[in-house]
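Visitor: Below is the file query_37.cif, with mmCIF, C-alpha atoms and all ligand atoms.
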data_structure
#
loop_
_atom_site.label_atom_id
_atom_site.label_comp_id
_atom_site.auth_asym_id
_atom_site.auth_seq_id
_atom_site.Cartn_x
_atom_site.Cartn_y
_atom_site.Cartn_z
CA MET A 14 0.00 0.00 0.00
CA VAL A 15 1.41 3.36 -0.96
CA ASP A 16 2.07 5.88 1.76
CA ILE A 17 -0.31 8.66 0.68
CA SER A 18 -3.26 9.94 2.69
CA ARG A 19 -6.77 9.27 1.39
CA GLU A 20 -7.34 13.01 1.09
CA LYS A 21 -4.27 13.39 -1.09
CA LEU A 22 -5.20 10.42 -3.29
CA LEU A 23 -8.63 11.91 -3.94
CA ASP A 24 -7.09 15.30 -4.65
CA MET A 25 -4.79 13.63 -7.18
CA LEU A 26 -7.83 12.09 -8.91
CA GLU A 27 -9.58 15.46 -8.99
CA LYS A 28 -6.51 17.09 -10.54
CA MET A 29 -6.33 14.36 -13.21
CA TYR A 30 -9.97 14.94 -14.06
CA THR A 31 -9.49 18.71 -14.11
CA ILE A 32 -6.62 18.37 -16.59
CA ARG A 33 -8.63 15.99 -18.81
CA TYR A 34 -11.74 18.20 -18.84
CA PHE A 35 -9.72 21.39 -19.28
CA GLU A 36 -8.05 20.01 -22.38
CA GLN A 37 -11.22 18.47 -23.80
CA LYS A 38 -12.95 21.83 -23.37
CA ALA A 39 -10.01 23.71 -24.92
CA ASP A 40 -10.13 21.29 -27.87
CA GLU A 41 -13.85 21.93 -28.30
CA LEU A 42 -13.46 25.72 -28.04
CA PHE A 43 -10.67 25.60 -30.62
CA GLY A 44 -13.00 23.70 -32.95
CA ARG A 45 -15.62 26.42 -32.47
CA GLY A 46 -13.12 29.12 -33.45
CA LYS A 47 -12.89 30.63 -29.96
CA ILE A 48 -9.20 29.83 -29.53
CA HIS A 49 -6.64 30.86 -32.15
CA GLY A 50 -3.11 29.76 -32.97
CA THR A 51 -2.33 26.23 -31.89
CA MET A 52 -2.01 24.10 -28.79
CA HIS A 53 -0.47 20.84 -27.70
CA LEU A 54 -2.81 18.62 -25.72
CA SER A 55 -1.62 16.10 -23.15
CA VAL A 56 -4.81 14.01 -22.91
CA GLY A 57 -3.65 10.53 -21.85
CA GLN A 58 -0.60 11.87 -19.96
CA GLU A 59 -2.41 13.09 -16.82
CA ALA A 60 -0.67 10.59 -14.52
CA THR A 61 2.81 11.92 -15.28
CA ALA A 62 1.92 15.53 -14.40
CA VAL A 63 -0.04 14.70 -11.26
CA GLY A 64 2.18 11.85 -10.03
CA SER A 65 5.32 13.98 -10.42
CA ILE A 66 4.02 17.17 -8.83
CA ALA A 67 2.10 15.58 -5.93
CA PRO A 68 5.34 14.88 -3.96
CA LEU A 69 6.36 18.57 -4.12
CA ARG A 70 5.81 21.25 -1.49
CA PRO A 71 3.93 24.38 -2.58
CA ASN A 72 7.12 26.49 -2.74
CA ASP A 73 9.10 23.98 -4.82
CA TYR A 74 9.57 24.75 -8.51
CA ILE A 75 8.62 23.23 -11.83
CA ALA A 76 9.78 24.11 -15.34
CA SER A 77 7.26 23.01 -17.97
CA THR A 78 7.15 22.34 -21.72
CA HIS A 79 5.10 23.22 -24.80
CA ARG A 80 2.71 20.43 -23.66
CA GLY A 81 2.31 21.90 -20.20
CA HIS A 82 -1.38 22.42 -19.35
CA GLY A 83 -1.34 19.42 -17.01
CA HIS A 84 1.80 20.62 -15.22
CA CYS A 85 0.25 24.05 -14.61
CA ILE A 86 -2.98 22.61 -13.21
CA ALA A 87 -1.15 20.04 -11.07
CA LYS A 88 1.02 22.85 -9.63
CA GLY A 89 -2.08 24.76 -8.60
CA ALA A 90 -2.56 27.30 -11.37
CA ASP A 91 -5.80 29.27 -11.40
CA VAL A 92 -7.78 27.42 -14.08
CA ARG A 93 -9.92 30.50 -14.74
CA ARG A 94 -6.85 32.58 -15.63
CA MET A 95 -5.60 29.73 -17.81
CA MET A 96 -8.87 29.55 -19.73
CA ALA A 97 -8.92 33.34 -20.09
CA GLU A 98 -5.41 33.17 -21.55
CA PHE A 99 -6.55 30.56 -24.08
CA LEU A 100 -9.42 32.82 -25.14
CA GLY A 101 -7.08 35.81 -25.48
CA LYS A 102 -8.65 37.78 -22.64
CA GLU A 103 -7.15 40.54 -20.50
CA THR A 104 -7.65 38.42 -17.33
CA GLY A 105 -5.38 35.63 -18.61
CA TYR A 106 -1.94 34.82 -17.23
CA CYS A 107 -0.27 36.88 -20.02
CA ARG A 108 -3.19 39.31 -20.43
CA GLY A 109 -4.27 37.19 -23.40
CA ARG A 110 -1.08 37.77 -25.36
CA GLY A 111 0.70 34.45 -24.82
CA GLY A 112 -1.79 31.64 -25.33
CA SER A 113 -1.43 28.05 -24.27
CA MET A 114 2.37 27.75 -24.37
CA HIS A 115 3.21 30.74 -22.19
CA ILE A 116 1.73 30.10 -18.78
CA ALA A 117 3.99 30.92 -15.86
CA ASP A 118 2.89 31.31 -12.28
CA VAL A 119 6.07 32.10 -10.38
CA GLU A 120 4.27 32.67 -7.06
CA ALA A 121 2.96 29.09 -7.28
CA GLY A 122 6.47 27.85 -8.16
CA ASN A 123 5.71 27.39 -11.86
CA LEU A 124 8.66 28.88 -13.73
CA GLY A 125 6.81 28.63 -16.99
CA ALA A 126 5.90 26.70 -20.11
CA THR A 127 7.92 27.29 -23.27
CA GLY A 128 7.60 26.71 -26.99
CA VAL A 129 11.34 26.04 -27.19
CA VAL A 130 11.83 22.28 -26.99
CA GLY A 131 14.17 21.53 -24.07
CA GLY A 132 14.00 25.21 -23.09
CA GLY A 133 12.94 24.40 -19.55
CA ILE A 134 16.11 22.42 -18.87
CA PRO A 135 18.51 25.36 -18.39
CA THR A 136 15.79 27.24 -16.47
CA ALA A 137 15.36 24.32 -14.08
CA VAL A 138 19.09 23.80 -13.61
CA GLY A 139 19.46 27.54 -12.95
CA ALA A 140 16.66 27.51 -10.39
CA ALA A 141 18.21 24.50 -8.67
CA LEU A 142 21.60 26.23 -8.62
CA ALA A 143 19.94 29.30 -7.06
CA SER A 144 18.35 27.09 -4.36
CA LYS A 145 21.69 25.48 -3.62
CA LEU A 146 23.49 28.84 -3.38
CA ALA A 147 20.70 30.28 -1.21
CA GLY A 148 20.89 27.27 1.08
CA ASP A 149 17.12 26.69 0.98
CA ASP A 150 15.82 23.15 0.54
CA LYS A 151 13.62 23.76 -2.51
CA VAL A 152 13.52 21.14 -5.24
CA THR A 153 12.90 21.79 -8.94
CA ILE A 154 11.18 19.34 -11.27
CA CYS A 155 12.09 19.73 -14.92
CA PHE A 156 9.65 18.29 -17.48
CA PHE A 157 10.63 17.52 -21.08
CA GLY A 158 9.78 15.05 -23.82
CA ASP A 159 11.64 12.17 -25.44
CA GLY A 160 12.46 14.46 -28.39
CA ALA A 161 14.07 17.01 -26.07
CA ALA A 162 16.29 14.27 -24.65
CA ASN A 163 18.16 14.24 -27.99
CA LEU A 164 19.15 17.90 -27.74
CA GLY A 165 22.51 19.24 -26.61
CA ILE A 166 20.87 21.24 -23.85
CA PHE A 167 19.66 17.99 -22.22
CA HIS A 168 23.22 16.68 -21.96
CA GLU A 169 24.65 20.03 -20.83
CA GLY A 170 21.91 20.42 -18.24
CA LEU A 171 22.27 16.93 -16.78
CA ASN A 172 26.05 17.22 -16.75
CA LEU A 173 26.09 20.49 -14.82
CA ALA A 174 23.35 19.38 -12.45
CA ALA A 175 25.38 16.24 -11.66
CA ILE A 176 28.72 18.02 -11.27
CA TRP A 177 27.18 20.58 -8.94
CA GLN A 178 24.88 18.01 -7.24
CA LEU A 179 21.85 20.25 -7.72
CA PRO A 180 18.39 19.62 -6.23
CA VAL A 181 16.63 18.90 -9.52
CA VAL A 182 14.55 15.98 -10.77
CA PHE A 183 14.48 15.50 -14.53
CA VAL A 184 11.15 13.99 -15.60
CA CYS A 185 11.07 12.76 -19.20
CA GLU A 186 7.53 12.27 -20.44
CA ASN A 187 8.18 9.71 -23.14
CA ASN A 188 4.96 9.78 -25.15
CA GLN A 189 6.59 7.73 -27.96
CA TYR A 190 6.88 10.54 -30.53
CA GLY A 191 8.63 13.86 -31.14
CA MET A 192 6.13 15.38 -33.56
CA SER A 193 5.91 12.47 -36.06
CA MET A 194 9.28 10.89 -35.16
CA PRO A 195 8.99 7.61 -33.21
CA VAL A 196 11.45 7.20 -30.35
CA GLN A 197 12.85 3.96 -31.83
CA LYS A 198 14.13 5.91 -34.84
CA SER A 199 15.62 8.79 -32.91
CA MET A 200 17.55 7.04 -30.11
CA PRO A 201 20.22 4.33 -30.21
CA VAL A 202 19.31 3.27 -26.65
CA LYS A 203 16.02 1.70 -25.57
CA ASP A 204 15.34 4.00 -22.65
CA VAL A 205 16.09 7.70 -22.12
CA ALA A 206 16.78 6.74 -18.49
CA GLU A 207 19.89 4.80 -19.61
CA ARG A 208 21.52 8.15 -20.28
CA ALA A 209 21.50 8.94 -16.54
CA ALA A 210 24.49 6.60 -16.12
CA SER A 211 26.63 8.99 -18.19
CA TYR A 212 26.00 11.64 -15.59
CA ALA A 213 26.32 9.38 -12.54
CA MET A 214 22.77 9.90 -11.41
CA PRO A 215 19.94 7.39 -10.84
CA GLY A 216 17.90 6.65 -13.97
CA VAL A 217 14.51 5.04 -13.47
CA VAL A 218 11.87 3.87 -15.96
CA VAL A 219 8.26 3.85 -14.79
CA ASP A 220 4.88 3.17 -16.31
CA GLY A 221 3.80 6.77 -16.87
CA ASN A 222 0.14 5.79 -16.98
CA ASP A 223 0.27 4.57 -13.40
CA VAL A 224 0.06 7.65 -11.20
CA LEU A 225 1.21 5.71 -8.13
CA GLN A 226 4.36 4.40 -9.82
CA VAL A 227 5.20 7.91 -10.99
CA TYR A 228 4.53 9.27 -7.50
CA GLU A 229 6.78 6.73 -5.80
CA ALA A 230 9.72 7.16 -8.16
CA VAL A 231 9.54 10.95 -8.12
CA SER A 232 9.07 11.05 -4.31
CA GLU A 233 12.30 9.13 -3.87
CA ALA A 234 14.12 11.45 -6.30
CA VAL A 235 12.71 14.55 -4.57
CA GLN A 236 13.85 13.19 -1.21
CA ARG A 237 17.39 12.62 -2.55
CA ALA A 238 17.47 16.11 -4.02
CA ARG A 239 16.26 17.70 -0.79
CA GLU A 240 18.92 15.87 1.18
CA GLY A 241 21.65 17.33 -1.03
CA LYS A 242 22.31 14.04 -2.85
CA GLY A 243 21.87 15.56 -6.31
CA PRO A 244 19.74 15.03 -9.42
CA SER A 245 17.84 12.02 -10.79
CA LEU A 246 16.28 11.17 -14.14
CA ILE A 247 12.84 9.56 -14.19
CA GLU A 248 11.44 8.38 -17.53
CA CYS A 249 7.66 7.98 -17.66
CA LYS A 250 6.47 5.80 -20.56
CA THR A 251 3.16 7.23 -21.68
CA TYR A 252 1.19 8.30 -24.76
CA ARG A 253 -0.67 11.32 -26.07
CA TRP A 254 -4.10 10.45 -27.42
CA LYS A 255 -4.33 13.57 -29.56
CA GLY A 256 -2.07 14.69 -32.40
CA HIS A 257 1.17 16.57 -31.82
CA SER A 258 -0.59 19.93 -32.20
CA LYS A 259 -3.74 21.18 -33.88
CA SER A 260 -2.20 20.93 -37.36
CA ASP A 261 -1.23 17.24 -37.07
CA GLN A 262 -2.71 14.90 -39.73
CA GLU A 263 -1.51 11.84 -37.73
CA ARG A 264 -0.22 9.94 -40.75
CA TYR A 265 2.62 8.41 -38.74
CA ARG A 266 0.58 6.15 -36.45
CA THR A 267 -2.32 3.77 -36.76
CA ARG A 268 -5.76 4.09 -35.24
CA GLU A 269 -5.22 0.65 -33.64
CA GLU A 270 -2.14 1.92 -31.81
CA VAL A 271 -4.05 4.89 -30.41
CA GLU A 272 -6.97 2.66 -29.38
CA ALA A 273 -4.62 0.21 -27.63
CA TRP A 274 -3.18 3.06 -25.55
CA LYS A 275 -6.63 4.43 -24.76
CA LYS A 276 -7.31 1.10 -23.05
CA LYS A 277 -4.49 2.04 -20.65
CA ASP A 278 -6.29 5.24 -19.61
CA PRO A 279 -4.48 6.52 -16.49
CA ILE A 280 -7.66 7.91 -14.93
CA ALA A 281 -9.68 4.69 -15.34
CA ARG A 282 -6.74 2.73 -13.95
CA PHE A 283 -6.37 4.92 -10.85
CA GLN A 284 -10.12 4.81 -10.20
CA LYS A 285 -10.13 1.01 -10.42
CA TRP A 286 -7.37 0.89 -7.83
CA LEU A 287 -9.17 3.32 -5.51
CA LEU A 288 -12.34 1.20 -5.73
CA GLU A 289 -10.55 -2.13 -5.27
CA LYS A 290 -8.72 -0.86 -2.20
CA GLY A 291 -11.95 0.54 -0.76
CA ILE A 292 -10.49 4.05 -0.66
CA ALA A 293 -13.38 5.59 -2.58
CA THR A 294 -16.89 4.57 -3.61
CA GLU A 295 -18.41 4.93 -7.07
CA GLU A 296 -20.50 7.85 -5.75
CA GLU A 297 -17.45 9.65 -4.36
CA ILE A 298 -15.62 9.25 -7.65
CA GLU A 299 -18.62 10.58 -9.55
CA ALA A 300 -18.73 13.58 -7.21
CA ILE A 301 -15.02 14.26 -7.84
CA SER A 302 -15.54 14.07 -11.59
CA ALA A 303 -18.59 16.39 -11.34
CA ARG A 304 -16.60 18.89 -9.27
CA ALA A 305 -13.82 18.94 -11.86
CA ARG A 306 -16.39 19.53 -14.62
CA GLN A 307 -17.81 22.41 -12.61
CA ILE A 308 -14.34 23.96 -12.21
CA ILE A 309 -14.00 23.96 -16.00
CA GLU A 310 -17.50 25.34 -16.59
CA ASP A 311 -16.75 28.18 -14.14
CA ALA A 312 -13.45 28.84 -15.90
CA VAL A 313 -15.18 29.06 -19.30
CA ALA A 314 -17.84 31.42 -17.90
CA PHE A 315 -15.11 33.60 -16.36
CA ALA A 316 -13.10 33.65 -19.60
CA GLU A 317 -16.08 34.33 -21.85
CA THR A 318 -17.28 37.27 -19.76
CA SER A 319 -13.77 38.74 -19.33
CA PRO A 320 -12.79 41.81 -21.38
CA GLU A 321 -10.71 41.64 -24.55
CA PRO A 322 -7.38 43.47 -24.32
CA SER A 323 -7.72 47.04 -25.58
CA PRO A 324 -5.89 47.77 -28.87
CA ASP A 325 -4.41 50.82 -27.08
CA THR A 326 -2.29 48.45 -24.97
CA ILE A 327 -0.78 46.57 -27.91
CA MET A 328 2.76 47.85 -27.26
CA GLU A 329 2.67 47.10 -23.52
CA GLY A 330 5.05 44.36 -22.45
CA VAL A 331 6.95 44.41 -25.75
CA TYR A 332 9.89 46.48 -24.51
CA ALA A 333 11.31 46.76 -20.99
CA GLU A 334 10.39 50.07 -19.41
C1 LIG B 401 14.50 24.05 -30.12
C2 LIG B 401 13.29 23.60 -30.90
N1 LIG B 401 13.45 22.72 -31.92
C3 LIG B 401 12.37 22.30 -32.63
C4 LIG B 401 11.11 22.77 -32.32
C5 LIG B 401 9.89 22.26 -33.10
N2 LIG B 401 9.19 21.27 -32.23
C6 LIG B 401 8.15 21.63 -31.47
S1 LIG B 401 7.58 20.36 -30.56
C7 LIG B 401 8.71 19.28 -31.21
C8 LIG B 401 8.75 17.83 -30.78
C9 LIG B 401 9.10 17.68 -29.36
O1 LIG B 401 8.99 16.35 -28.98
P1 LIG B 401 9.11 15.91 -27.47
O2 LIG B 401 10.23 16.64 -26.81
O3 LIG B 401 9.16 14.43 -27.44
O4 LIG B 401 7.78 16.45 -26.80
P2 LIG B 401 6.27 16.02 -27.12
O5 LIG B 401 5.80 16.98 -28.20
O6 LIG B 401 6.27 14.61 -27.56
O7 LIG B 401 5.52 16.24 -25.85
C10 LIG B 401 9.52 19.94 -32.11
C11 LIG B 401 10.61 19.29 -32.87
C12 LIG B 401 10.99 23.70 -31.28
N3 LIG B 401 9.81 24.19 -30.91
N4 LIG B 401 12.09 24.09 -30.55
#
Using structure tokens, write down the structure that the file contains.
Guide:
Amino acid sequence: MVDISREKLLDMLEKMYTIRYFEQKADELFGRGKIHGTMHLSVGQEATAVGSIAPLRPNDYIASTHRGHGHCIAKGADVRRMMAEFLGKETGYCRGRGGSMHIADVEAGNLGATGVVGGGIPTAVGAALASKLAGDDKVTICFFGDGAANLGIFHEGLNLAAIWQLPVVFVCENNQYGMSMPVQKSMPVKDVAERAASYAMPGVVVDGNDVLQVYEAVSEAVQRAREGKGPSLIECKTYRWKGHSKSDQERYRTREEVEAWKKKDPIARFQKWLLEKGIATEEEIEAISARARQIIEDAVAFAETSPEPSPDTIMEGVYAE
């Protein structure tokens, strides 16, 4: 039995539902022409975001990715401000100017999402260096994809973090593809986690669709980091149900493959476990799901009734003043 309170387990389920419903709603609003640009959905990957962030304290840090809605919600972002940002409203996190890939919430420890693949790695290593120099015991989790693990910045970041023994946990969300490129064709090794050995840090592979496995592995890594024992690399094997972004024709994978992964739904799996262990009843789970739906409905109402940015403010935030 995992060592997590019932209250926390149910909160984890609610966060997973909130992420799922947020993204499904964003997808729908995009289809109705209410959201412009593009976005990268993480439907199917909810267990990696929630399982990784649940072991953190509120003042610990995360650095996110271009597929970061789940990370933001799991770290406690205001879902109403997120939805307002998606709809380009003045009440959004970037006053409606950034869209889905630019949500930062530094007060909540979220150092930001980024459209630059691997861009969160130097940010996270820098934050961890700052924590070490300040002598506080904050830990930083750095999220990135399997594609990012083939970039120079990944190797530079892990190397420095290991040399300086920084309090950072590298969480690779291996969703099997970088855009349309399958991992098997882009890496000579089977697991990204094997690369940890080059930097003398623990490298662990977990089933990224099992929120409890993710939680346990990341908890251990967070503990090590907090005790001054340096970084770890956790690879979560998972899958995104939707295309890479809104412009993806999905010609690189079969419908059967997607359907097979949908059968490994991380939310259904966690619920089954909660029921089997007698931690929650069907009614309680339904209430959690209904609450998450309500959070999203409220967020949409807030966003839709929020003001558009005034054209007079178009130059604000472009140059430092
Ligand atoms: C530095 C950089 N190179 C290339 C791109 C274009 N690009 C955007 S997402 C992506 C794939 C990233 O794959 P992965 O890191 O596995 O993350 P996933 O999309 O699978 O979550 C690429 C190549 C970019 N945004 N930034």
Visitor: Neighbours of His49 in chain A within 9 Å (all atoms listed in the file; same-chain residues fewer than 4 positions away dropped), as a PDB file with C-alpha atoms, in the coordinates of the input?
Guide:
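Listed below is the output, result-v8.pdb:
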ATOM      1  CA  PHE A  43     -10.670  25.600 -30.620  1.00  0.00           C
ATOM      2  CA  PHE A  99      -6.550  30.560 -24.080  1.00  0.00           C
ATOM      3  CA  LEU A 100      -9.420  32.820 -25.140  1.00  0.00           C
ATOM      4  CA  GLY A 101      -7.080  35.810 -25.480  1.00  0.00           C
ATOM      5  CA  GLY A 112      -1.790  31.640 -25.330  1.00  0.00           C
TER       6      GLY A 112
END
Visitor: Which of these residues is nearest to ligand LIG 401 (chain B), using all atoms listed in the file: A:Ile17, A:Ala60, A:Ala143, A:Ile166?
Guide: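 Under the stated criterion, the closest residue is A:Ile166.
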Visitor: List as CSV every residue of chain A that is in contact with ligand LIG 401 (chain B), defined as an atom at most 8 Å from one of its atoms (using only C-alpha atoms and all ligand atoms), together with the nearest atom pair and the distance in Å rounded to one decimal, sorted by chain and then rising number.
Guide:
residue,atom,partner,partner_atom,distance
A:His53,CA,B:LIG401,O5,7.4
A:Ser55,CA,B:LIG401,O7,7.6
A:Thr78,CA,B:LIG401,O7,7.5
A:His79,CA,B:LIG401,S1,6.9
A:Arg80,CA,B:LIG401,O7,5.5
A:Gly128,CA,B:LIG401,N3,5.2
A:Val129,CA,B:LIG401,N4,4.0
A:Val130,CA,B:LIG401,N4,4.0
A:Gly131,CA,B:LIG401,C1,6.6
A:Gly132,CA,B:LIG401,C1,7.1
A:Phe157,CA,B:LIG401,O2,5.8
A:Gly158,CA,B:LIG401,O2,3.4
A:Asp159,CA,B:LIG401,O3,3.9
A:Gly160,CA,B:LIG401,O3,3.4
A:Ala161,CA,B:LIG401,O2,3.9
A:Ala162,CA,B:LIG401,O2,6.9
A:Glu186,CA,B:LIG401,O7,7.0
A:Asn187,CA,B:LIG401,O3,6.5
A:Asn188,CA,B:LIG401,O6,5.6
A:Gln189,CA,B:LIG401,O6,6.9
A:Tyr190,CA,B:LIG401,O6,5.1
A:Gly191,CA,B:LIG401,O1,3.3
A:Met192,CA,B:LIG401,C8,4.5
A:Arg253,CA,B:LIG401,O6,7.8
A:His257,CA,B:LIG401,O5,5.9
Visitor: Got a sec to check which residues sit within 9 Å of (-9.5, 35.9, -18.6), counting all atoms listed in the file, and write them as a PyMOL selection string?
Guide: chain A and resi 93-106+108-109+312-313+315-321
Visitor: Could you turn the residues from that selection into a file that holds C-alpha atoms, as a PDB file, in the frame of the given file?
Guide:
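out11.pdb was written with the following content:
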ATOM      1  CA  ARG A  93      -9.920  30.500 -14.740  1.00  0.00           C
ATOM      2  CA  ARG A  94      -6.850  32.580 -15.630  1.00  0.00           C
ATOM      3  CA  MET A  95      -5.600  29.730 -17.810  1.00  0.00           C
ATOM      4  CA  MET A  96      -8.870  29.550 -19.730  1.00  0.00           C
ATOM      5  CA  ALA A  97      -8.920  33.340 -20.090  1.00  0.00           C
ATOM      6  CA  GLU A  98      -5.410  33.170 -21.550  1.00  0.00           C
ATOM      7  CA  PHE A  99      -6.550  30.560 -24.080  1.00  0.00           C
ATOM      8  CA  LEU A 100      -9.420  32.820 -25.140  1.00  0.00           C
ATOM      9  CA  GLY A 101      -7.080  35.810 -25.480  1.00  0.00           C
ATOM     10  CA  LYS A 102      -8.650  37.780 -22.640  1.00  0.00           C
ATOM     11  CA  GLU A 103      -7.150  40.540 -20.500  1.00  0.00           C
ATOM     12  CA  THR A 104      -7.650  38.420 -17.330  1.00  0.00           C
ATOM     13  CA  GLY A 105      -5.380  35.630 -18.610  1.00  0.00           C
ATOM     14  CA  TYR A 106      -1.940  34.820 -17.230  1.00  0.00           C
ATOM     15  CA  ARG A 108      -3.190  39.310 -20.430  1.00  0.00           C
ATOM     16  CA  GLY A 109      -4.270  37.190 -23.400  1.00  0.00           C
ATOM     17  CA  ALA A 312     -13.450  28.840 -15.900  1.00  0.00           C
ATOM     18  CA  VAL A 313     -15.180  29.060 -19.300  1.00  0.00           C
ATOM     19  CA  PHE A 315     -15.110  33.600 -16.360  1.00  0.00           C
ATOM     20  CA  ALA A 316     -13.100  33.650 -19.600  1.00  0.00           C
ATOM     21  CA  GLU A 317     -16.080  34.330 -21.850  1.00  0.00           C
ATOM     22  CA  THR A 318     -17.280  37.270 -19.760  1.00  0.00           C
ATOM     23  CA  SER A 319     -13.770  38.740 -19.330  1.00  0.00           C
ATOM     24  CA  PRO A 320     -12.790  41.810 -21.380  1.00  0.00           C
ATOM     25  CA  GLU A 321     -10.710  41.640 -24.550  1.00  0.00           C
TER      26      GLU A 321
END
Visitor: Which residue out of A:Asp220, A:Asp278, A:Asp261, A:Asp149 has the minimum interatomic distance to Gly241 in chain A when all atoms listed in the file are used?
Guide: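 Selected residue with least distance to Gly241 in chain A: A:Asp149.
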Visitor: Of the candidates A:Arg110, A:Lys255, A:Arg304, A:Arg70, which shows the shortest atom-to-atom distance to Thr31 in chain A, using only C-alpha atoms?
Guide: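 Smallest distance to Thr31 in chain A is found for A:Arg304.
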Visitor: Report, in Å with one decimal, the straight-line distance from CA of Ala137 in chain A to CA of Cys249 in chain A.
Guide: 18.4 Å
Visitor: Grab the CA of Lys21 in chain A to CA of Asp73 in chain A distance for me, in Å with one decimal place.
Guide: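 A separation of 17.5 Å between them.
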Visitor: Have a look at CA of Met194 in chain A and CA of Phe167 in chain A and let me know their distance in Å, one decimal.
Guide: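 Calculated distance between CA of Met194 in chain A and CA of Phe167 in chain A is 18.0 Å.
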Visitor: Point out the residue among A:Ile66, A:Ile86, A:Met214, A:Ile154 with the least atom-to-atom distance to Gly133 in chain A, counting all atoms listed in the file.
Guide: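 Smallest distance to Gly133 in chain A is found for A:Ile154.
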Visitor: Go through A:Val56, A:Leu164, A:Ala39, A:Leu124 one by one, measure the shortest atom-to-atom distance of each to Ile309 in chain A using only C-alpha atoms, and give the residue with the smallest value.
Guide: A:Ala39
Visitor: Pick the closest to Asp40 in chain A from A:Ser258, A:Glu169, A:Gly125, A:Gly139: which is it, counting only C-alpha atoms?
Guide: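 Answer, going by the shortest atom-to-atom distance: A:Ser258.
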Visitor: Identify, on the basis of only C-alpha atoms, every residue whose closest approach to Pro215 in chain A does not exceed 12 Å; exclude the query and any residue fewer than 4 positions from it along the same chain; express the result as a list of chain:residue names.
Guide: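 Answer for this query is A:Leu171, A:Ala175, A:Val182, A:Phe183, A:Val184, A:Val205, A:Ala206, A:Glu207, A:Arg208, A:Ala209, A:Ala210, A:Ser211, A:Ala230, A:Val231, A:Glu233, A:Ala234, A:Val235, A:Arg237, A:Ala238, A:Lys242, A:Gly243, A:Pro244, A:Ser245, A:Leu246, A:Ile247, A:Glu248.
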Visitor: Dump as a PyMOL selection string all residues having an atom at most 6 Å from (6.8, 13.4, -2.4), computed in the file's coordinates with only C-alpha atoms.
Guide: chain A and resi 68-69+232
Visitor: Those selected residues, please, written with C-alpha atoms and delivered as a tab-separated table (two decimals), keeping the file's coordinate frame.
Guide:
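What ended up in out_1.tsv:
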chain	number	residue	atom	x	y	z
A	68	PRO	CA	5.34	14.88	-3.96
A	69	LEU	CA	6.36	18.57	-4.12
A	232	SER	CA	9.07	11.05	-4.31
Visitor: Can you pull out the residues contacting Val331 in chain A? Cut-off 12 Å, using only C-alpha atoms, and skip same-chain residues under 4 positions away; I want them as a short mmCIF file (atom, residue, chain, number, x, y, z; two decimals) with C-alpha atoms, keeping the file's coordinate frame.
Guide:
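To be explicit, this is the file written out as selection_37.cif:
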data_model
loop_
_atom_site.label_atom_id
_atom_site.label_comp_id
_atom_site.auth_asym_id
_atom_site.auth_seq_id
_atom_site.Cartn_x
_atom_site.Cartn_y
_atom_site.Cartn_z
CA CYS A 107 -0.27 36.88 -20.02
CA ARG A 110 -1.08 37.77 -25.36
CA GLY A 111 0.70 34.45 -24.82
CA THR A 326 -2.29 48.45 -24.97
CA ILE A 327 -0.78 46.57 -27.91
#
